[in-house]
>>> print(open('protein-v5.cif').read())   # mmCIF, N, CA and C atoms
data_final
#
loop_
_atom_site.label_atom_id
_atom_site.label_comp_id
_atom_site.auth_asym_id
_atom_site.auth_seq_id
_atom_site.Cartn_x
_atom_site.Cartn_y
_atom_site.Cartn_z
N LEU K 1 125.02 110.46 57.80
CA LEU K 1 124.17 109.36 58.24
C LEU K 1 123.30 109.78 59.43
N MET K 2 123.89 110.52 60.36
CA MET K 2 123.13 110.93 61.54
C MET K 2 122.03 111.91 61.16
N ALA K 3 122.30 112.78 60.18
CA ALA K 3 121.28 113.74 59.74
C ALA K 3 120.11 113.01 59.08
N ALA K 4 120.39 111.94 58.37
CA ALA K 4 119.32 111.18 57.73
C ALA K 4 118.45 110.49 58.77
N ILE K 5 119.09 109.99 59.84
CA ILE K 5 118.31 109.34 60.91
C ILE K 5 117.45 110.37 61.63
N ARG K 6 118.00 111.55 61.87
CA ARG K 6 117.22 112.62 62.52
C ARG K 6 116.04 113.03 61.66
N LEU K 7 116.25 113.11 60.34
CA LEU K 7 115.16 113.46 59.44
C LEU K 7 114.08 112.39 59.45
N LEU K 8 114.48 111.12 59.45
CA LEU K 8 113.50 110.04 59.52
C LEU K 8 112.73 110.08 60.84
N GLU K 9 113.43 110.36 61.94
CA GLU K 9 112.75 110.48 63.24
C GLU K 9 111.72 111.60 63.19
N LEU K 10 112.10 112.73 62.62
CA LEU K 10 111.19 113.87 62.52
C LEU K 10 109.96 113.53 61.68
N LEU K 11 110.17 112.87 60.56
CA LEU K 11 109.04 112.50 59.69
C LEU K 11 108.13 111.48 60.37
N ILE K 12 108.72 110.55 61.08
CA ILE K 12 107.91 109.55 61.78
C ILE K 12 107.11 110.20 62.90
N LEU K 13 107.73 111.09 63.66
CA LEU K 13 107.01 111.78 64.73
C LEU K 13 105.92 112.69 64.17
N LEU K 14 106.16 113.29 63.02
CA LEU K 14 105.13 114.10 62.36
C LEU K 14 103.96 113.22 61.93
N THR K 15 104.25 112.03 61.43
CA THR K 15 103.19 111.09 61.06
C THR K 15 102.40 110.66 62.28
N ALA K 16 103.08 110.43 63.40
CA ALA K 16 102.38 110.06 64.63
C ALA K 16 101.50 111.21 65.11
N LEU K 17 101.98 112.43 64.99
CA LEU K 17 101.18 113.60 65.39
C LEU K 17 99.95 113.74 64.50
N ILE K 18 100.09 113.50 63.22
CA ILE K 18 98.95 113.56 62.30
C ILE K 18 97.92 112.50 62.66
N GLY K 19 98.38 111.29 62.95
CA GLY K 19 97.45 110.23 63.36
C GLY K 19 96.75 110.56 64.67
N PHE K 20 97.49 111.12 65.63
CA PHE K 20 96.90 111.48 66.92
C PHE K 20 95.87 112.59 66.77
N CYS K 21 96.20 113.60 65.97
CA CYS K 21 95.25 114.70 65.73
C CYS K 21 94.00 114.19 65.00
N GLY K 22 94.19 113.29 64.05
CA GLY K 22 93.04 112.71 63.36
C GLY K 22 92.16 111.91 64.31
N LEU K 23 92.78 111.24 65.26
CA LEU K 23 92.02 110.47 66.25
C LEU K 23 91.20 111.39 67.15
N LEU K 24 91.76 112.53 67.49
CA LEU K 24 91.06 113.46 68.37
C LEU K 24 90.04 114.33 67.64
N LEU K 25 90.34 114.75 66.43
CA LEU K 25 89.53 115.77 65.77
C LEU K 25 88.44 115.22 64.86
N ARG K 26 88.59 114.04 64.34
CA ARG K 26 87.58 113.48 63.43
C ARG K 26 86.42 112.90 64.21
N LYS K 27 85.22 113.03 63.64
CA LYS K 27 84.03 112.50 64.31
C LYS K 27 83.55 111.20 63.70
N ASN K 28 83.83 110.98 62.44
CA ASN K 28 83.41 109.76 61.77
C ASN K 28 84.23 108.58 62.30
N LEU K 29 83.55 107.48 62.59
CA LEU K 29 84.23 106.34 63.20
C LEU K 29 85.23 105.68 62.25
N ILE K 30 84.93 105.64 60.96
CA ILE K 30 85.87 105.07 59.99
C ILE K 30 87.14 105.91 59.94
N GLN K 31 87.00 107.22 59.96
CA GLN K 31 88.17 108.10 59.95
C GLN K 31 88.99 107.96 61.23
N LYS K 32 88.32 107.70 62.35
CA LYS K 32 89.04 107.46 63.60
C LYS K 32 89.86 106.17 63.52
N VAL K 33 89.30 105.14 62.93
CA VAL K 33 90.03 103.88 62.79
C VAL K 33 91.23 104.07 61.86
N LEU K 34 91.05 104.82 60.78
CA LEU K 34 92.17 105.07 59.87
C LEU K 34 93.26 105.90 60.55
N ALA K 35 92.85 106.90 61.35
CA ALA K 35 93.83 107.70 62.08
C ALA K 35 94.58 106.85 63.10
N MET K 36 93.88 105.91 63.73
CA MET K 36 94.53 105.02 64.68
C MET K 36 95.53 104.11 63.97
N ASP K 37 95.22 103.71 62.75
CA ASP K 37 96.14 102.88 61.98
C ASP K 37 97.38 103.68 61.59
N VAL K 38 97.21 104.95 61.22
CA VAL K 38 98.35 105.81 60.89
C VAL K 38 99.24 105.98 62.13
N LEU K 39 98.63 106.21 63.27
CA LEU K 39 99.38 106.36 64.52
C LEU K 39 100.14 105.08 64.86
N GLY K 40 99.48 103.94 64.73
CA GLY K 40 100.14 102.66 65.01
C GLY K 40 101.29 102.39 64.05
N SER K 41 101.11 102.72 62.79
CA SER K 41 102.18 102.52 61.81
C SER K 41 103.38 103.42 62.11
N ALA K 42 103.11 104.63 62.57
CA ALA K 42 104.21 105.53 62.93
C ALA K 42 104.97 105.01 64.14
N VAL K 43 104.27 104.46 65.10
CA VAL K 43 104.95 103.91 66.29
C VAL K 43 105.79 102.70 65.89
N VAL K 44 105.28 101.85 65.03
CA VAL K 44 106.04 100.70 64.55
C VAL K 44 107.29 101.17 63.80
N ALA K 45 107.14 102.18 62.94
CA ALA K 45 108.28 102.70 62.18
C ALA K 45 109.32 103.31 63.12
N LEU K 46 108.87 103.98 64.17
CA LEU K 46 109.81 104.57 65.13
C LEU K 46 110.61 103.48 65.86
N PHE K 47 109.94 102.42 66.27
CA PHE K 47 110.65 101.33 66.94
C PHE K 47 111.62 100.63 66.00
N VAL K 48 111.24 100.46 64.75
CA VAL K 48 112.13 99.84 63.78
C VAL K 48 113.36 100.72 63.57
N LEU K 49 113.16 102.03 63.50
CA LEU K 49 114.29 102.94 63.33
C LEU K 49 115.21 102.92 64.55
N LEU K 50 114.63 102.89 65.73
CA LEU K 50 115.45 102.85 66.94
C LEU K 50 116.20 101.53 67.07
N ALA K 51 115.60 100.44 66.65
CA ALA K 51 116.26 99.14 66.73
C ALA K 51 117.38 99.02 65.69
N ALA K 52 117.28 99.77 64.60
CA ALA K 52 118.29 99.68 63.54
C ALA K 52 119.54 100.47 63.88
N ARG K 53 119.54 101.24 64.96
CA ARG K 53 120.72 102.03 65.31
C ARG K 53 121.90 101.17 65.73
N THR K 54 121.62 100.02 66.30
CA THR K 54 122.73 99.19 66.78
C THR K 54 123.45 98.50 65.63
N GLY K 55 122.76 98.24 64.55
CA GLY K 55 123.37 97.59 63.41
C GLY K 55 122.32 97.34 62.35
N LEU K 56 122.77 97.04 61.16
CA LEU K 56 121.83 96.85 60.06
C LEU K 56 121.82 95.43 59.52
N ARG K 57 122.71 94.60 60.00
CA ARG K 57 122.79 93.23 59.48
C ARG K 57 121.86 92.31 60.25
N SER K 58 121.44 91.25 59.59
CA SER K 58 120.61 90.24 60.24
C SER K 58 121.42 89.53 61.31
N PRO K 59 120.78 89.15 62.41
CA PRO K 59 121.52 88.50 63.50
C PRO K 59 121.80 87.03 63.23
N ILE K 60 122.56 86.78 62.17
CA ILE K 60 122.96 85.42 61.81
C ILE K 60 124.47 85.36 61.94
N LEU K 61 124.98 84.34 62.58
CA LEU K 61 126.42 84.24 62.81
C LEU K 61 127.16 84.11 61.49
N PRO K 62 128.29 84.81 61.38
CA PRO K 62 129.04 84.76 60.11
C PRO K 62 129.76 83.43 59.93
N THR K 63 129.99 83.11 58.68
CA THR K 63 130.74 81.90 58.38
C THR K 63 132.16 82.22 57.96
N GLY K 64 132.45 83.50 57.73
CA GLY K 64 133.78 83.91 57.29
C GLY K 64 134.76 83.98 58.44
N GLY K 65 135.89 84.65 58.21
CA GLY K 65 136.93 84.74 59.21
C GLY K 65 136.77 85.92 60.15
N GLN K 66 135.62 86.55 60.17
CA GLN K 66 135.40 87.71 61.03
C GLN K 66 135.25 87.27 62.49
N PRO K 67 135.89 88.00 63.43
CA PRO K 67 135.72 87.63 64.85
C PRO K 67 134.27 87.77 65.29
N LEU K 68 133.88 86.92 66.24
CA LEU K 68 132.48 86.87 66.68
C LEU K 68 132.05 88.16 67.36
N THR K 69 132.91 88.77 68.16
CA THR K 69 132.51 90.00 68.87
C THR K 69 132.29 91.15 67.90
N GLN K 70 133.10 91.24 66.87
CA GLN K 70 132.91 92.30 65.87
C GLN K 70 131.63 92.05 65.07
N ALA K 71 131.32 90.81 64.78
CA ALA K 71 130.10 90.49 64.05
C ALA K 71 128.86 90.80 64.88
N LEU K 72 128.94 90.54 66.20
CA LEU K 72 127.79 90.82 67.06
C LEU K 72 127.52 92.31 67.19
N LEU K 73 128.54 93.13 67.13
CA LEU K 73 128.35 94.58 67.23
C LEU K 73 127.66 95.16 66.00
N GLN K 74 127.79 94.53 64.86
CA GLN K 74 127.19 95.03 63.63
C GLN K 74 125.78 94.53 63.40
N ASN K 75 125.33 93.59 64.23
CA ASN K 75 124.02 92.99 64.03
C ASN K 75 122.92 93.86 64.61
N ALA K 76 121.76 93.79 63.99
CA ALA K 76 120.57 94.44 64.53
C ALA K 76 120.04 93.60 65.69
N ASP K 77 119.40 94.26 66.62
CA ASP K 77 118.87 93.57 67.79
C ASP K 77 117.58 92.83 67.39
N PRO K 78 117.50 91.51 67.55
CA PRO K 78 116.32 90.77 67.09
C PRO K 78 115.11 90.89 68.01
N ILE K 79 115.30 91.28 69.28
CA ILE K 79 114.18 91.34 70.22
C ILE K 79 113.18 92.43 69.82
N PRO K 80 113.61 93.68 69.55
CA PRO K 80 112.61 94.67 69.10
C PRO K 80 111.91 94.27 67.80
N GLN K 81 112.61 93.56 66.94
CA GLN K 81 111.98 93.12 65.70
C GLN K 81 110.85 92.14 65.98
N ALA K 82 111.06 91.24 66.91
CA ALA K 82 110.01 90.28 67.26
C ALA K 82 108.84 90.97 67.94
N VAL K 83 109.13 91.93 68.79
CA VAL K 83 108.06 92.67 69.48
C VAL K 83 107.25 93.48 68.48
N ILE K 84 107.92 94.09 67.52
CA ILE K 84 107.23 94.89 66.52
C ILE K 84 106.37 94.00 65.62
N LEU K 85 106.87 92.83 65.28
CA LEU K 85 106.06 91.90 64.48
C LEU K 85 104.79 91.52 65.22
N THR K 86 104.90 91.31 66.52
CA THR K 86 103.72 91.01 67.34
C THR K 86 102.79 92.21 67.39
N ALA K 87 103.34 93.41 67.51
CA ALA K 87 102.51 94.63 67.54
C ALA K 87 101.77 94.83 66.23
N ILE K 88 102.40 94.51 65.11
CA ILE K 88 101.73 94.63 63.81
C ILE K 88 100.54 93.69 63.73
N VAL K 89 100.72 92.45 64.17
CA VAL K 89 99.63 91.46 64.12
C VAL K 89 98.49 91.87 65.04
N ILE K 90 98.80 92.34 66.24
CA ILE K 90 97.76 92.76 67.17
C ILE K 90 97.03 93.99 66.63
N GLY K 91 97.77 94.94 66.06
CA GLY K 91 97.15 96.13 65.48
C GLY K 91 96.22 95.79 64.33
N LEU K 92 96.62 94.86 63.49
CA LEU K 92 95.76 94.43 62.37
C LEU K 92 94.50 93.75 62.90
N SER K 93 94.64 92.95 63.94
CA SER K 93 93.48 92.27 64.52
C SER K 93 92.50 93.27 65.13
N ILE K 94 93.02 94.25 65.84
CA ILE K 94 92.15 95.27 66.45
C ILE K 94 91.45 96.08 65.37
N GLN K 95 92.18 96.43 64.32
CA GLN K 95 91.57 97.19 63.24
C GLN K 95 90.47 96.39 62.55
N ALA K 96 90.68 95.11 62.32
CA ALA K 96 89.65 94.28 61.70
C ALA K 96 88.43 94.17 62.59
N LEU K 97 88.63 94.01 63.90
CA LEU K 97 87.52 93.93 64.83
C LEU K 97 86.73 95.25 64.86
N LEU K 98 87.44 96.37 64.88
CA LEU K 98 86.76 97.67 64.87
C LEU K 98 85.96 97.88 63.59
N LEU K 99 86.50 97.46 62.47
CA LEU K 99 85.78 97.64 61.21
C LEU K 99 84.53 96.75 61.16
N VAL K 100 84.57 95.58 61.76
CA VAL K 100 83.38 94.72 61.83
C VAL K 100 82.32 95.38 62.70
N VAL K 101 82.73 95.90 63.85
CA VAL K 101 81.78 96.57 64.74
C VAL K 101 81.19 97.81 64.07
N ILE K 102 82.01 98.58 63.39
CA ILE K 102 81.52 99.78 62.70
C ILE K 102 80.58 99.41 61.56
N SER K 103 80.86 98.31 60.87
CA SER K 103 79.93 97.92 59.80
C SER K 103 78.58 97.50 60.37
N ARG K 104 78.57 96.91 61.57
CA ARG K 104 77.30 96.59 62.23
C ARG K 104 76.59 97.86 62.69
N LEU K 105 77.34 98.83 63.16
CA LEU K 105 76.75 100.10 63.60
C LEU K 105 76.21 100.91 62.42
N SER K 106 76.73 100.69 61.24
CA SER K 106 76.25 101.44 60.08
C SER K 106 74.81 101.07 59.72
N ALA K 107 74.34 99.93 60.20
CA ALA K 107 72.93 99.57 59.98
C ALA K 107 72.02 100.46 60.81
N VAL K 108 72.51 100.93 61.97
CA VAL K 108 71.73 101.82 62.82
C VAL K 108 71.76 103.24 62.27
N ASP K 109 72.97 103.73 61.97
CA ASP K 109 73.12 105.08 61.44
C ASP K 109 74.24 105.09 60.41
N PRO K 110 73.91 105.29 59.13
CA PRO K 110 74.94 105.26 58.08
C PRO K 110 75.96 106.40 58.17
N CYS K 111 75.64 107.47 58.91
CA CYS K 111 76.59 108.59 59.03
C CYS K 111 77.77 108.26 59.94
N LEU K 112 77.59 107.32 60.84
CA LEU K 112 78.63 106.86 61.77
C LEU K 112 79.18 107.98 62.64
N GLU K 113 78.31 108.88 63.08
CA GLU K 113 78.70 109.92 64.03
C GLU K 113 78.47 109.38 65.44
N PRO K 114 79.41 109.55 66.35
CA PRO K 114 79.25 108.99 67.71
C PRO K 114 78.05 109.56 68.46
N GLU K 115 77.67 110.82 68.17
CA GLU K 115 76.53 111.42 68.87
C GLU K 115 75.22 110.73 68.55
N SER K 116 75.12 110.12 67.38
CA SER K 116 73.85 109.49 66.98
C SER K 116 73.62 108.18 67.74
N PHE K 117 74.65 107.62 68.35
CA PHE K 117 74.51 106.36 69.08
C PHE K 117 74.22 106.57 70.55
N GLU K 118 74.34 107.80 71.03
CA GLU K 118 74.05 108.10 72.43
C GLU K 118 72.55 108.35 72.60
N GLU K 119 72.02 107.93 73.72
CA GLU K 119 70.59 108.16 73.96
C GLU K 119 70.38 108.94 75.21
#
>>> encode(input="protein-v5.cif", output="structure tokens")
Amino acid sequence: LMAAIRLLELLILLTALIGFCGLLLRKNLIQKVLAMDVLGSAVVALFVLLAARTGLRSPILPTGGQPLTQALLQNADPIPQAVILTAIVIGLSIQALLLVVISRLSAVDPCLEPESFEE
């Protein structure tokens, strides 16, 4: 189980590195927005993986005969899940706003190279 978590961490960090390199190395604005989305998705996946270490069950109190303290130890932490849900919504909003701005800029220069907008 621990080896699988380490492998997932490695893959997520590799995805974040790919998104970061795409953000730095690409010149087209659409490709920069896509790289930023890949980077944001990797960060969200990393936080979800880190939050799942404490437990995998939903934080709903059991109705069976299980003691409450044992049930609480097996539950996933709901606070990181709420924060990540907020981060997903904010990331989607920022991406939509950037794509609207880029579509307006494409009327000036269809190539969408940042150097063409500097004067």
>>> resolve_selection(input="protein-v5.cif", expression="the PyMOL selection byres ((chain K and resi 27-31) around 8)", output="PyMOL selection string")
chain K and resi 22-26+32-37+98-99+102+111-115
>>> residues_near_point(input="protein-v5.cif", point="(97.1, 107.7, 68.3)", cutoff="6 Å", atoms="only C-alpha atoms", output="list in words")
Gly19, Phe20, Met36 and Leu39 of chain K
>>> resolve_selection(input="protein-v5.cif", expression="the PyMOL selection byres (((chain K and resi 9-12 and name CA) around 8) and name CA)", output="number ranges by chain")
K: 5-8, 13-16, 42-43, 45-46, 49
>>> atom_distance(input="protein-v5.cif", atom1="CA of Ser93 in chain K", atom2="CA of Ser41 in chain K")
13.7 Å
>>> atom_distance(input="protein-v5.cif", atom1="atom N of Val100 in chain K", atom2="CA of Phe117 in chain K")
16.5 Å
>>> atom_distance(input="protein-v5.cif", atom1="atom N of Pro110 in chain K", atom2="atom C of Ile18 in chain K")
25.3 Å
